[in-house]
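The structure file upload-v1.cif is reproduced below (mmCIF, C-alpha atoms).
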data_query
loop_
_atom_site.label_atom_id
_atom_site.label_comp_id
_atom_site.auth_asym_id
_atom_site.auth_seq_id
_atom_site.Cartn_x
_atom_site.Cartn_y
_atom_site.Cartn_z
CA MET A 19 1.95 15.06 21.11
CA MET A 20 4.05 17.05 18.68
CA ILE A 21 4.94 15.43 15.38
CA ASP A 22 7.03 16.99 12.68
CA ALA A 23 4.65 16.74 9.73
CA ASN A 24 7.63 16.57 7.36
CA LEU A 25 8.52 13.16 8.78
CA LEU A 26 5.15 11.60 8.11
CA PRO A 27 4.56 9.50 4.99
CA PHE A 28 1.43 11.49 4.16
CA SER A 29 0.19 15.06 4.07
CA VAL A 30 -1.48 16.13 7.30
CA ASP A 31 -2.88 19.11 5.41
CA GLU A 32 -5.21 16.82 3.47
CA LEU A 33 -6.28 14.92 6.57
CA VAL A 34 -7.24 17.99 8.58
CA LYS A 35 -9.62 19.01 5.79
CA SER A 36 -11.69 15.87 6.34
CA LYS A 37 -14.71 15.48 8.56
CA ALA A 38 -13.46 12.10 9.76
CA TRP A 39 -10.27 13.67 11.08
CA HIS A 40 -12.21 16.39 12.90
CA ASP A 41 -14.56 13.81 14.40
CA ALA A 42 -11.71 11.54 15.53
CA THR A 43 -10.50 11.63 19.11
CA PRO A 44 -6.86 12.47 19.81
CA GLU A 45 -6.27 8.77 20.57
CA GLN A 46 -7.81 7.73 17.23
CA ARG A 47 -5.60 10.23 15.44
CA ARG A 48 -2.48 8.93 17.20
CA LYS A 49 -3.41 5.35 16.33
CA PHE A 50 -3.94 6.29 12.70
CA ILE A 51 -0.62 8.14 12.49
CA SER A 52 1.15 5.22 14.14
CA ALA A 53 -0.52 2.71 11.80
CA GLY A 54 0.31 4.83 8.75
CA VAL A 55 3.96 5.21 9.69
CA THR A 56 4.23 1.50 10.47
CA PHE A 57 2.59 0.45 7.20
CA ASP A 58 4.79 2.86 5.26
CA SER A 59 7.98 1.63 6.94
CA VAL A 60 7.27 -2.06 6.44
CA LEU A 61 6.11 -1.77 2.85
CA THR A 62 9.00 0.50 1.92
CA HIS A 63 11.46 -1.98 3.41
CA TYR A 64 10.12 -4.90 1.38
CA ALA A 65 9.63 -2.94 -1.83
CA ASP A 66 13.18 -1.60 -1.63
CA LYS A 67 14.57 -5.02 -0.74
CA TYR A 68 13.02 -6.67 -3.78
CA ARG A 69 13.87 -3.79 -6.14
CA ALA A 70 17.52 -4.05 -5.05
CA LYS A 71 17.65 -7.60 -6.45
CA LYS A 72 17.51 -6.08 -9.95
CA THR A 73 15.64 -9.10 -11.32
CA ILE A 74 12.34 -9.28 -13.17
CA LYS A 75 10.75 -11.08 -10.25
CA GLY A 76 12.15 -8.61 -7.70
CA GLU A 77 11.04 -5.61 -9.74
CA PHE A 78 7.61 -7.16 -10.22
CA ILE A 79 7.17 -7.66 -6.47
CA SER A 80 8.40 -4.14 -5.74
CA CYS A 81 6.13 -2.50 -8.32
CA VAL A 82 3.02 -4.37 -7.19
CA LEU A 83 3.78 -3.51 -3.56
CA TRP A 84 4.00 0.17 -4.51
CA ASP A 85 0.72 -0.06 -6.44
CA PHE A 86 -0.87 -1.63 -3.37
CA TYR A 87 0.63 1.10 -1.18
CA TYR A 88 -0.78 3.89 -3.31
CA ASP A 89 -4.17 2.20 -3.60
CA LEU A 90 -4.56 1.37 0.08
CA PHE A 91 -2.78 4.31 1.67
CA CYS A 92 -1.80 7.26 -0.49
CA ASN A 93 -4.93 7.67 -2.57
CA PRO A 94 -7.33 7.76 0.39
CA VAL A 95 -5.10 9.90 2.59
CA GLU A 96 -3.48 12.33 0.21
CA ASN A 97 -6.00 12.92 -2.54
CA GLY A 98 -8.67 14.51 -0.39
CA SER A 99 -10.76 11.36 -0.37
CA PHE A 100 -10.26 10.33 3.26
CA ASP A 101 -13.94 10.81 4.14
CA PHE A 102 -15.07 8.98 1.00
CA GLU A 103 -12.74 6.04 1.70
CA LEU A 104 -13.86 5.71 5.29
CA ASP A 105 -17.55 6.01 4.36
CA GLN A 106 -17.36 3.53 1.48
CA VAL A 107 -14.87 0.93 2.69
CA TYR A 108 -14.61 1.19 6.46
CA GLN A 109 -18.14 1.83 7.62
CA VAL A 110 -18.94 1.81 11.34
CA PHE A 111 -19.21 -1.82 12.40
CA ASP A 112 -19.95 -3.22 15.87
CA GLY A 113 -19.61 0.28 17.26
CA LYS A 114 -16.06 0.57 15.92
CA ALA A 115 -15.41 3.83 14.11
CA SER A 116 -14.31 3.70 10.50
CA ILE A 117 -10.99 5.43 11.26
CA ASP A 118 -10.24 2.70 13.83
CA GLN A 119 -11.00 -0.02 11.28
CA TYR A 120 -8.73 1.64 8.73
CA SER A 121 -5.92 1.96 11.28
CA GLU A 122 -6.32 -1.71 12.20
CA ARG A 123 -6.24 -2.70 8.53
CA LEU A 124 -2.97 -0.83 8.01
CA LEU A 125 -1.45 -2.41 11.12
CA ASP A 126 -2.65 -5.88 10.14
CA GLU A 127 -1.08 -5.51 6.72
CA ALA A 128 2.18 -4.29 8.27
CA ARG A 129 2.26 -7.26 10.68
CA HIS A 130 2.07 -9.79 7.87
CA PRO A 131 4.34 -8.68 5.03
CA LYS A 132 5.33 -12.25 4.25
CA ARG A 133 1.73 -12.77 3.18
CA TRP A 134 2.32 -10.12 0.49
CA ILE A 135 5.50 -11.76 -0.71
CA LYS A 136 3.99 -15.24 -0.80
CA ARG A 137 1.02 -14.05 -2.86
CA LEU A 138 3.18 -12.03 -5.23
CA LYS A 139 5.56 -14.92 -5.80
CA GLU A 140 2.52 -17.02 -6.66
CA ALA A 141 1.27 -14.28 -9.03
CA TYR A 142 4.70 -14.19 -10.64
CA ARG A 143 4.76 -17.97 -11.12
CA GLU A 144 1.25 -17.94 -12.61
CA ASN A 145 1.98 -15.04 -14.97
CA LYS A 146 5.72 -15.34 -15.56
CA VAL A 147 5.61 -15.49 -19.35
CA ARG A 148 3.29 -12.49 -19.60
CA ILE A 149 5.34 -10.47 -17.10
CA ILE A 150 8.58 -11.19 -18.94
CA GLU A 151 7.00 -10.29 -22.28
CA SER A 152 5.75 -6.99 -20.87
CA ALA A 153 9.28 -6.23 -19.64
CA MET A 154 10.78 -6.45 -23.12
CA ASP A 155 11.52 -3.31 -25.06
CA ASP A 156 11.11 -2.95 -28.83
CA HIS A 157 14.50 -4.63 -29.38
CA GLY A 158 13.72 -7.70 -27.27
CA ASN A 159 15.85 -6.58 -24.33
CA ILE A 160 14.60 -6.69 -20.76
CA ASP A 161 13.81 -3.25 -19.37
CA LEU A 162 12.89 -3.46 -15.68
CA ASP A 163 11.25 -0.04 -15.87
CA LEU A 164 8.55 -1.48 -18.14
CA ILE A 165 7.33 -3.83 -15.42
CA ASN A 166 5.74 -0.90 -13.63
CA ASP A 167 3.43 -0.31 -16.62
CA ASP A 168 1.49 -3.53 -15.98
CA SER A 169 2.03 -4.10 -12.27
CA VAL A 170 -1.26 -2.49 -11.27
CA GLU A 171 -3.03 -5.46 -12.88
CA TYR A 172 -1.64 -7.74 -10.17
CA ARG A 173 -2.37 -5.78 -6.98
CA ASP A 174 -5.62 -7.72 -6.50
CA TYR A 175 -3.46 -10.63 -5.37
CA LEU A 176 -2.92 -8.62 -2.19
CA TYR A 177 -6.59 -8.14 -1.36
#
Take the structure I supplied and represent it as structure tokens, if you would.
Amino acid sequence: MMIDANLLPFSVDELVKSKAWHDATPEQRRKFISAGVTFDSVLTHYADKYRAKKTIKGEFISCVLWDFYYDLFCNPVENGSFDFELDQVYQVFDGKASIDQYSERLLDEARHPKRWIKRLKEAYRENKVRIIESAMDDHGNIDLDLINDDSVEYRDYLY
């Protein structure tokens, strides 16, 4: 199977440096690539959709989704920590390889994006005053760009 690496949402160069990637079968690699592309596509759709609303709530949802994306997907795959992530979080269980568990996690997340939105709307309701206050600039005006500064604090709602 030939894949143009420029079309993937992650750097294959980092993956091929890992022991887990070398130990994976071609089928496991295909499943991981498919899961990664699917997760990326679904999350990007929802994050862009909510950002386009240009509201505090929409920006909050978008920013937390991107924090979740980087935490769950980009950091392990692109920062040379693929082996560490698989060893620490997705250990072999019931004979299922850690790369398979990670692929399944990404696919499961991508299958249920409404779960993300429901939880983030709940987080917004519970923390609305604090979120709005953190979005205010020094002159008391709402600056949607400031929401990103605190959004990482809310990504635990998605775990």
Selection result for the PyMOL selection byres ((chain A and resi 61) around 8) on this file, as a ChimeraX atom specification: /A:57-60,62-65,83-84,87,128,131
Which residue of A:Phe91, A:Phe50, A:Tyr175, A:Phe28 approaches Lys139 in chain A most closely, using all atoms listed in the file: A:Tyr175
For Val170 in chain A, the nearest of the candidates A:Tyr142, A:Phe100, A:Tyr120, A:Phe78, counting only C-alpha atoms: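 Smallest separation from Val170 in chain A among the options: A:Phe78.
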Explicit residue set for the PyMOL selection byres ((chain A and resi 52) around 12), as a ChimeraX atom specification: /A:21,26-28,45-51,53-59,118,120-122,124-125,128
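The space separating CA of Ile117 in chain A from CA of Trp39 in chain A comes to 8.3 Å.
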Nearest to Val107 in chain A, chosen from A:Gly76, A:Pro44, A:Gly158, A:Pro94, with only C-alpha atoms counted in the distances: A:Pro94
Between CA of His130 in chain A and CA of Thr73 in chain A - distance in Å to one decimal: 23.5 Å
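The interatomic distance for the pair CA of Leu33 in chain A and CA of Val95 in chain A works out to 6.5 Å.
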Shell of 8 Å around Leu162 in chain A, all atoms listed in the file, local chain residues under 5 positions omitted, as a PyMOL selection string: chain A and resi 72-74+77+153
Selection under test: the PyMOL selection byres ((chain A and resi 173) around 10); residues as number ranges by chain: A: 79, 81-87, 89, 134, 137-138, 141, 169-172, 174-177
Centre and edge lengths, as AutoDock Vina command-line options, for the axis-aligned box enclosing every listed atom of range 55-72 of chain A with 6 Å of padding on each of the six sides, in Å to one decimal?
--center_x 10.1 --center_y -1.2 --center_z 0.3 --size_x 27.1 --size_y 24.8 --size_z 32.4
Which residue of A:Gln106, A:Lys75, A:Asn166, A:Arg133 approaches Asn145 in chain A most closely, using all atoms listed in the file: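 The closest residue to Asn145 in chain A is A:Lys75.
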Top pick for closest residue to Ser116 in chain A, considering A:Glu140, A:Glu151, A:Asp101, A:Glu96 and counting all atoms listed in the file: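 The closest residue to Ser116 in chain A is A:Asp101.
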Shortest interatomic distance to Ser36 in chain A - which of A:Val147, A:Cys92, A:Leu104, A:Val110, counting all atoms listed in the file: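 Looking only at the distances to Ser36 in chain A, the closest residue turns out to be A:Leu104.
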